[in-house]
Protein chains: 2
Amino acid sequence: MQISLVQHIRKFVDLSDSEVPVLNQYLKSHKLKKKALLLEEGKICRDLYFVERGCLRMFFINKKSVEQITQFALDGWWISDYFSFMDNTPSDYYIQAIEKSEIVSIDKHQLDELLAELPQLERYFRLIMQKTLAASQLKTKYLNEMSKEEFYLHFSSSFPEFMQRVPQYMIASYLGLTPEYLSELRKKNL
Amino acid sequence: MQISLVQHIRKFVDLSDSEVPVLNQYLKSHKLKKKALLLEEGKICRDLYFVERGCLRMFFINKKSVEQITQFALDGWWISDYFSFMDNTPSDYYIQAIEKSEIVSIDKHQLDELLAELPQLERYFRLIMQKTLAASQLKTKYLNEMSKEEFYLHFSSSFPEFMQRVPQYMIASYLGLTPEYLSELRKKNL
């Protein structure tokens, strides 16, 4: 479901109509084709990305030369390599559109200027970071606690839309399963 | 190394001397004995905790009734179950002092009041959340990419002070190793 950044911000803090153009002057809009890359290994992650419509994945290439997905971002989610973004260090990650997507991005310098002009957005970004952190803590717990089958069942019942949109081999990579094992699980639980 | 919350805040944003008493009126200070619990499974995590001196661990009890550590917090770190804190849902976690510790806490209501009085702290908390998120992304990557031995070697060379202060069986739990395997690794790499 498409959601503009303005709508999203207004779920958390006030943003008047006259402030919208101020916000927009700091943002870049991108229409991405499927498979377009926003970030590549070895590059510095200079932006935070917000998905208005579509889906991104974040992955790295492990020592066996296999793509390992660590995060997805659907409509209404922010994604970034926060370590690279904060410290200007080369990223180990790729961020890629897995379907045609519309996103907005903001770099660190523009973010600082935006926050100086619209200080209520400090609160917005604090709450977003807190939410992302909560999601990350929850995933850590699930990964530690559940069997792979339980994790898959929990995941597919919690995010049915996601299961429809994302290719099966990517879900397998995210959940730490082989595609073959995921395929067996799906058949078993149809 | 002891660090007061005031010192920590001043690393990120301005806080004048006259604002310090304003800050302090929203905080609670706690002197914890070793093994004191700040949070227990089934309780709502109502506070964010900042360690001024000491060390906390966050863990849950898995289905085999074994404690599984997901995070530590040394001097200068915030820790909380952010999901429980945000949504007022019962926590699955415990937060416990693993040595004599001095901490400060703030609950959600007090945090909101504090941020209304000292709005520059929105920025402080945003940056703290971002930092914690970056650390969590990095751990995810290490866990996915490294062998257990590599993870241990990386961890012990990156955080030598930590290795001195935290009991070996807790480090094993955090790294996902059996205490026996960790003991072998230590002997091998002395």
# chains A, B, ... in the order shown; residues from 1 in each chain; ligands from 1

call {"tool": "select_by_dssp", "arguments": {"residues": "stretch 30-169 of chain B", "states": "helix (DSSP H, G or I)", "output": "number ranges by chain"}}
result
B: 82-87, 108-117, 120-145, 148-158, 160-165, 168-169

call {"tool": "write_last_selection", "arguments": {"atoms": "C-alpha atoms", "output": "PDB file, in the first residue's frame"}}
result
ATOM      1  CA  TYR B  82      12.251  -1.384  23.059  1.00  0.00           C
ATOM      2  CA  PHE B  83       9.276  -3.384  21.854  1.00  0.00           C
ATOM      3  CA  SER B  84       7.832  -3.781  25.338  1.00  0.00           C
ATOM      4  CA  PHE B  85       8.726  -0.159  26.153  1.00  0.00           C
ATOM      5  CA  MET B  86       6.962   1.215  23.064  1.00  0.00           C
ATOM      6  CA  ASP B  87       3.864  -0.965  23.080  1.00  0.00           C
ATOM      7  CA  LYS B 108       8.138   6.737  28.907  1.00  0.00           C
ATOM      8  CA  HIS B 109       5.973   9.379  30.520  1.00  0.00           C
ATOM      9  CA  GLN B 110       8.940  11.121  32.148  1.00  0.00           C
ATOM     10  CA  LEU B 111      10.879  10.874  28.890  1.00  0.00           C
ATOM     11  CA  ASP B 112       8.077  12.679  27.061  1.00  0.00           C
ATOM     12  CA  GLU B 113       8.017  15.419  29.687  1.00  0.00           C
ATOM     13  CA  LEU B 114      11.794  15.718  29.644  1.00  0.00           C
ATOM     14  CA  LEU B 115      11.843  16.011  25.849  1.00  0.00           C
ATOM     15  CA  ALA B 116       9.172  18.714  25.995  1.00  0.00           C
ATOM     16  CA  GLU B 117      11.358  20.703  28.415  1.00  0.00           C
ATOM     17  CA  GLN B 120      17.603  19.165  22.136  1.00  0.00           C
ATOM     18  CA  LEU B 121      17.509  15.738  23.787  1.00  0.00           C
ATOM     19  CA  GLU B 122      15.319  14.446  20.940  1.00  0.00           C
ATOM     20  CA  ARG B 123      18.496  14.674  18.893  1.00  0.00           C
ATOM     21  CA  TYR B 124      20.535  12.950  21.596  1.00  0.00           C
ATOM     22  CA  PHE B 125      18.130  10.028  21.785  1.00  0.00           C
ATOM     23  CA  ARG B 126      17.853   9.843  17.989  1.00  0.00           C
ATOM     24  CA  LEU B 127      21.634   9.547  17.710  1.00  0.00           C
ATOM     25  CA  ILE B 128      21.772   6.971  20.509  1.00  0.00           C
ATOM     26  CA  MET B 129      19.091   4.842  18.856  1.00  0.00           C
ATOM     27  CA  GLN B 130      20.953   5.136  15.535  1.00  0.00           C
ATOM     28  CA  LYS B 131      24.172   4.002  17.180  1.00  0.00           C
ATOM     29  CA  THR B 132      22.473   1.038  18.842  1.00  0.00           C
ATOM     30  CA  LEU B 133      20.880   0.132  15.524  1.00  0.00           C
ATOM     31  CA  ALA B 134      24.256   0.278  13.777  1.00  0.00           C
ATOM     32  CA  ALA B 135      25.731  -2.048  16.423  1.00  0.00           C
ATOM     33  CA  SER B 136      22.835  -4.437  15.975  1.00  0.00           C
ATOM     34  CA  GLN B 137      23.251  -4.494  12.164  1.00  0.00           C
ATOM     35  CA  LEU B 138      26.947  -5.154  12.590  1.00  0.00           C
ATOM     36  CA  LYS B 139      26.338  -8.040  14.976  1.00  0.00           C
ATOM     37  CA  THR B 140      23.822  -9.556  12.537  1.00  0.00           C
ATOM     38  CA  LYS B 141      26.421  -9.433   9.825  1.00  0.00           C
ATOM     39  CA  TYR B 142      29.160 -10.945  11.960  1.00  0.00           C
ATOM     40  CA  LEU B 143      26.858 -13.731  13.124  1.00  0.00           C
ATOM     41  CA  ASN B 144      25.943 -14.529   9.536  1.00  0.00           C
ATOM     42  CA  GLU B 145      29.385 -14.262   8.097  1.00  0.00           C
ATOM     43  CA  LYS B 148      32.066 -19.150  15.714  1.00  0.00           C
ATOM     44  CA  GLU B 149      35.832 -19.187  16.176  1.00  0.00           C
ATOM     45  CA  GLU B 150      36.305 -16.085  14.017  1.00  0.00           C
ATOM     46  CA  PHE B 151      33.481 -14.318  15.853  1.00  0.00           C
ATOM     47  CA  TYR B 152      35.096 -15.097  19.186  1.00  0.00           C
ATOM     48  CA  LEU B 153      38.533 -13.888  18.038  1.00  0.00           C
ATOM     49  CA  HIS B 154      37.075 -10.718  16.566  1.00  0.00           C
ATOM     50  CA  PHE B 155      35.047 -10.084  19.700  1.00  0.00           C
ATOM     51  CA  SER B 156      37.908 -10.658  22.111  1.00  0.00           C
ATOM     52  CA  SER B 157      40.333  -8.431  20.195  1.00  0.00           C
ATOM     53  CA  SER B 158      37.717  -5.666  19.789  1.00  0.00           C
ATOM     54  CA  PRO B 160      39.447  -6.797  25.634  1.00  0.00           C
ATOM     55  CA  GLU B 161      38.113  -4.939  28.705  1.00  0.00           C
ATOM     56  CA  PHE B 162      34.772  -6.624  28.251  1.00  0.00           C
ATOM     57  CA  MET B 163      36.399 -10.073  28.119  1.00  0.00           C
ATOM     58  CA  GLN B 164      38.064  -9.327  31.461  1.00  0.00           C
ATOM     59  CA  ARG B 165      34.883  -8.206  33.189  1.00  0.00           C
ATOM     60  CA  GLN B 168      33.170 -16.746  30.409  1.00  0.00           C
ATOM     61  CA  TYR B 169      29.877 -18.658  30.399  1.00  0.00           C
TER      62      TYR B 169
END

call {"tool": "residues_around", "arguments": {"residues": "stretch 73-75 of chain A", "least_positions_apart": "3", "cutoff": "6 Å", "atoms": "only C-alpha atoms", "output": "ChimeraX atom specification"}}
result
/A:2,51-56

call {"tool": "atom_distance", "arguments": {"atom1": "atom CA of A:Asn62", "atom2": "atom CA of A:Gln96"}}
result
16.5 Å

call {"tool": "closest_residue", "arguments": {"among": "A:Ser173, A:Ser29, A:Asn189, A:Ser18", "to": "A:Val104", "atoms": "only C-alpha atoms"}}
result
A:Ser29

call {"tool": "atom_distance", "arguments": {"atom1": "atom CA of A:Glu99", "atom2": "atom CA of A:Lys188"}}
result
28.0 Å

call {"tool": "closest_residue", "arguments": {"among": "A:Ile103, A:Leu48, A:Ile171, A:Ile98", "to": "chain B", "atoms": "only C-alpha atoms"}}
result
A:Leu48

call {"tool": "atom_distance", "arguments": {"atom1": "atom CA of A:Ile95", "atom2": "atom CA of A:Glu40"}}
result
6.8 Å

call {"tool": "select_by_dssp", "arguments": {"residues": "stretch 40-180 of chain A", "states": "strand (DSSP E or B)", "output": "ChimeraX atom specification"}}
result
/A:44,47-53,55-61,67-74,78-79,90,94-97,101-107

call {"tool": "closest_residue", "arguments": {"among": "B:Phe59, B:Tyr181, B:Trp77, B:Tyr94", "to": "chain A", "atoms": "only C-alpha atoms"}}
result
B:Phe59

call {"tool": "closest_residue", "arguments": {"among": "B:Leu175, B:Met170, B:Leu27, B:Val20", "to": "chain A", "atoms": "only C-alpha atoms"}}
result
B:Leu175

call {"tool": "closest_residue", "arguments": {"among": "A:Ile69, A:Ile79, A:Ala97, A:Leu5", "to": "A:Lys34", "atoms": "only C-alpha atoms"}}
result
A:Ala97

call {"tool": "decode", "arguments": {"residues": "stretch 46-77 of chain A", "atoms": "N, CA, C and O atoms", "output": "PDB file, in the first residue's frame"}}
result
ATOM      1  N   ARG A  46      25.564   6.795   1.933  1.00  0.00           N
ATOM      2  CA  ARG A  46      25.440   8.219   2.265  1.00  0.00           C
ATOM      3  C   ARG A  46      24.011   8.637   2.586  1.00  0.00           C
ATOM      4  O   ARG A  46      23.762   9.764   2.982  1.00  0.00           O
ATOM      5  N   ASP A  47      23.064   7.730   2.382  1.00  0.00           N
ATOM      6  CA  ASP A  47      21.650   8.115   2.490  1.00  0.00           C
ATOM      7  C   ASP A  47      20.860   7.206   3.418  1.00  0.00           C
ATOM      8  O   ASP A  47      21.182   6.035   3.603  1.00  0.00           O
ATOM      9  N   LEU A  48      19.765   7.786   3.942  1.00  0.00           N
ATOM     10  CA  LEU A  48      18.683   6.989   4.504  1.00  0.00           C
ATOM     11  C   LEU A  48      17.636   6.879   3.397  1.00  0.00           C
ATOM     12  O   LEU A  48      17.367   7.857   2.694  1.00  0.00           O
ATOM     13  N   TYR A  49      17.030   5.704   3.256  1.00  0.00           N
ATOM     14  CA  TYR A  49      16.054   5.471   2.183  1.00  0.00           C
ATOM     15  C   TYR A  49      14.685   5.170   2.788  1.00  0.00           C
ATOM     16  O   TYR A  49      14.574   4.333   3.686  1.00  0.00           O
ATOM     17  N   PHE A  50      13.669   5.833   2.243  1.00  0.00           N
ATOM     18  CA  PHE A  50      12.295   5.567   2.676  1.00  0.00           C
ATOM     19  C   PHE A  50      11.503   5.028   1.482  1.00  0.00           C
ATOM     20  O   PHE A  50      11.504   5.638   0.410  1.00  0.00           O
ATOM     21  N   VAL A  51      10.839   3.902   1.680  1.00  0.00           N
ATOM     22  CA  VAL A  51      10.080   3.274   0.593  1.00  0.00           C
ATOM     23  C   VAL A  51       8.651   3.808   0.599  1.00  0.00           C
ATOM     24  O   VAL A  51       7.912   3.604   1.565  1.00  0.00           O
ATOM     25  N   GLU A  52       8.270   4.523  -0.460  1.00  0.00           N
ATOM     26  CA  GLU A  52       6.878   4.993  -0.580  1.00  0.00           C
ATOM     27  C   GLU A  52       6.010   3.909  -1.222  1.00  0.00           C
ATOM     28  O   GLU A  52       4.845   3.758  -0.894  1.00  0.00           O
ATOM     29  N   ARG A  53       6.601   3.192  -2.147  1.00  0.00           N
ATOM     30  CA  ARG A  53       5.903   2.077  -2.777  1.00  0.00           C
ATOM     31  C   ARG A  53       6.963   1.120  -3.301  1.00  0.00           C
ATOM     32  O   ARG A  53       7.916   1.552  -3.955  1.00  0.00           O
ATOM     33  N   GLY A  54       6.791  -0.157  -3.015  1.00  0.00           N
ATOM     34  CA  GLY A  54       7.736  -1.133  -3.549  1.00  0.00           C
ATOM     35  C   GLY A  54       8.396  -1.939  -2.447  1.00  0.00           C
ATOM     36  O   GLY A  54       7.867  -2.063  -1.346  1.00  0.00           O
ATOM     37  N   CYS A  55       9.543  -2.466  -2.764  1.00  0.00           N
ATOM     38  CA  CYS A  55      10.243  -3.303  -1.787  1.00  0.00           C
ATOM     39  C   CYS A  55      11.746  -3.316  -2.057  1.00  0.00           C
ATOM     40  O   CYS A  55      12.177  -3.516  -3.199  1.00  0.00           O
ATOM     41  N   LEU A  56      12.524  -3.096  -1.013  1.00  0.00           N
ATOM     42  CA  LEU A  56      13.984  -3.171  -1.098  1.00  0.00           C
ATOM     43  C   LEU A  56      14.474  -4.331  -0.247  1.00  0.00           C
ATOM     44  O   LEU A  56      13.812  -4.742   0.701  1.00  0.00           O
ATOM     45  N   ARG A  57      15.634  -4.833  -0.604  1.00  0.00           N
ATOM     46  CA  ARG A  57      16.282  -5.813   0.270  1.00  0.00           C
ATOM     47  C   ARG A  57      17.707  -5.341   0.543  1.00  0.00           C
ATOM     48  O   ARG A  57      18.329  -4.662  -0.281  1.00  0.00           O
ATOM     49  N   MET A  58      18.215  -5.717   1.690  1.00  0.00           N
ATOM     50  CA  MET A  58      19.592  -5.405   2.068  1.00  0.00           C
ATOM     51  C   MET A  58      20.299  -6.743   2.227  1.00  0.00           C
ATOM     52  O   MET A  58      19.770  -7.645   2.893  1.00  0.00           O
ATOM     53  N   PHE A  59      21.431  -6.903   1.604  1.00  0.00           N
ATOM     54  CA  PHE A  59      22.139  -8.180   1.702  1.00  0.00           C
ATOM     55  C   PHE A  59      23.639  -7.965   1.613  1.00  0.00           C
ATOM     56  O   PHE A  59      24.104  -6.892   1.228  1.00  0.00           O
ATOM     57  N   PHE A  60      24.387  -8.995   2.003  1.00  0.00           N
ATOM     58  CA  PHE A  60      25.826  -8.982   1.739  1.00  0.00           C
ATOM     59  C   PHE A  60      26.178 -10.303   1.076  1.00  0.00           C
ATOM     60  O   PHE A  60      25.365 -11.239   1.054  1.00  0.00           O
ATOM     61  N   ILE A  61      27.374 -10.366   0.526  1.00  0.00           N
ATOM     62  CA  ILE A  61      27.804 -11.598  -0.127  1.00  0.00           C
ATOM     63  C   ILE A  61      28.772 -12.304   0.811  1.00  0.00           C
ATOM     64  O   ILE A  61      29.798 -11.736   1.196  1.00  0.00           O
ATOM     65  N   ASN A  62      28.394 -13.502   1.222  1.00  0.00           N
ATOM     66  CA  ASN A  62      29.207 -14.181   2.240  1.00  0.00           C
ATOM     67  C   ASN A  62      30.408 -14.893   1.611  1.00  0.00           C
ATOM     68  O   ASN A  62      30.632 -14.822   0.392  1.00  0.00           O
ATOM     69  N   LYS A  63      31.181 -15.538   2.464  1.00  0.00           N
ATOM     70  CA  LYS A  63      32.446 -16.102   1.989  1.00  0.00           C
ATOM     71  C   LYS A  63      32.270 -17.206   0.966  1.00  0.00           C
ATOM     72  O   LYS A  63      33.184 -17.540   0.224  1.00  0.00           O
ATOM     73  N   LYS A  64      31.071 -17.799   0.963  1.00  0.00           N
ATOM     74  CA  LYS A  64      30.796 -18.811  -0.059  1.00  0.00           C
ATOM     75  C   LYS A  64      30.231 -18.167  -1.324  1.00  0.00           C
ATOM     76  O   LYS A  64      29.639 -18.854  -2.167  1.00  0.00           O
ATOM     77  N   SER A  65      30.351 -16.838  -1.419  1.00  0.00           N
ATOM     78  CA  SER A  65      29.833 -16.075  -2.566  1.00  0.00           C
ATOM     79  C   SER A  65      28.316 -16.180  -2.710  1.00  0.00           C
ATOM     80  O   SER A  65      27.785 -16.078  -3.820  1.00  0.00           O
ATOM     81  N   VAL A  66      27.638 -16.403  -1.587  1.00  0.00           N
ATOM     82  CA  VAL A  66      26.177 -16.492  -1.611  1.00  0.00           C
ATOM     83  C   VAL A  66      25.592 -15.210  -1.010  1.00  0.00           C
ATOM     84  O   VAL A  66      26.131 -14.688  -0.027  1.00  0.00           O
ATOM     85  N   GLU A  67      24.526 -14.710  -1.622  1.00  0.00           N
ATOM     86  CA  GLU A  67      23.859 -13.525  -1.087  1.00  0.00           C
ATOM     87  C   GLU A  67      23.124 -13.885   0.202  1.00  0.00           C
ATOM     88  O   GLU A  67      22.353 -14.840   0.232  1.00  0.00           O
ATOM     89  N   GLN A  68      23.343 -13.093   1.221  1.00  0.00           N
ATOM     90  CA  GLN A  68      22.709 -13.337   2.521  1.00  0.00           C
ATOM     91  C   GLN A  68      21.882 -12.091   2.848  1.00  0.00           C
ATOM     92  O   GLN A  68      22.431 -11.014   3.069  1.00  0.00           O
ATOM     93  N   ILE A  69      20.557 -12.254   2.866  1.00  0.00           N
ATOM     94  CA  ILE A  69      19.673 -11.105   3.101  1.00  0.00           C
ATOM     95  C   ILE A  69      19.496 -10.885   4.598  1.00  0.00           C
ATOM     96  O   ILE A  69      19.212 -11.825   5.344  1.00  0.00           O
ATOM     97  N   THR A  70      19.684  -9.637   5.037  1.00  0.00           N
ATOM     98  CA  THR A  70      19.517  -9.353   6.468  1.00  0.00           C
ATOM     99  C   THR A  70      18.271  -8.515   6.758  1.00  0.00           C
ATOM    100  O   THR A  70      17.798  -8.505   7.889  1.00  0.00           O
ATOM    101  N   GLN A  71      17.753  -7.794   5.758  1.00  0.00           N
ATOM    102  CA  GLN A  71      16.578  -6.954   5.981  1.00  0.00           C
ATOM    103  C   GLN A  71      15.807  -6.734   4.686  1.00  0.00           C
ATOM    104  O   GLN A  71      16.397  -6.747   3.606  1.00  0.00           O
ATOM    105  N   PHE A  72      14.526  -6.510   4.862  1.00  0.00           N
ATOM    106  CA  PHE A  72      13.687  -6.025   3.767  1.00  0.00           C
ATOM    107  C   PHE A  72      13.086  -4.689   4.181  1.00  0.00           C
ATOM    108  O   PHE A  72      12.997  -4.386   5.371  1.00  0.00           O
ATOM    109  N   ALA A  73      12.645  -3.896   3.211  1.00  0.00           N
ATOM    110  CA  ALA A  73      11.867  -2.692   3.520  1.00  0.00           C
ATOM    111  C   ALA A  73      10.730  -2.583   2.520  1.00  0.00           C
ATOM    112  O   ALA A  73      10.971  -2.460   1.315  1.00  0.00           O
ATOM    113  N   LEU A  74       9.513  -2.700   3.019  1.00  0.00           N
ATOM    114  CA  LEU A  74       8.309  -2.503   2.208  1.00  0.00           C
ATOM    115  C   LEU A  74       7.839  -1.052   2.368  1.00  0.00           C
ATOM    116  O   LEU A  74       8.440  -0.287   3.123  1.00  0.00           O
ATOM    117  N   ASP A  75       6.734  -0.721   1.692  1.00  0.00           N
ATOM    118  CA  ASP A  75       6.115   0.601   1.784  1.00  0.00           C
ATOM    119  C   ASP A  75       6.043   1.074   3.247  1.00  0.00           C
ATOM    120  O   ASP A  75       5.495   0.371   4.095  1.00  0.00           O
ATOM    121  N   GLY A  76       6.574   2.249   3.498  1.00  0.00           N
ATOM    122  CA  GLY A  76       6.469   2.819   4.843  1.00  0.00           C
ATOM    123  C   GLY A  76       7.644   2.486   5.752  1.00  0.00           C
ATOM    124  O   GLY A  76       7.596   2.754   6.945  1.00  0.00           O
ATOM    125  N   TRP A  77       8.700   1.870   5.198  1.00  0.00           N
ATOM    126  CA  TRP A  77       9.872   1.557   6.028  1.00  0.00           C
ATOM    127  C   TRP A  77      11.102   2.323   5.568  1.00  0.00           C
ATOM    128  O   TRP A  77      11.306   2.534   4.390  1.00  0.00           O
TER     129      TRP A  77
END
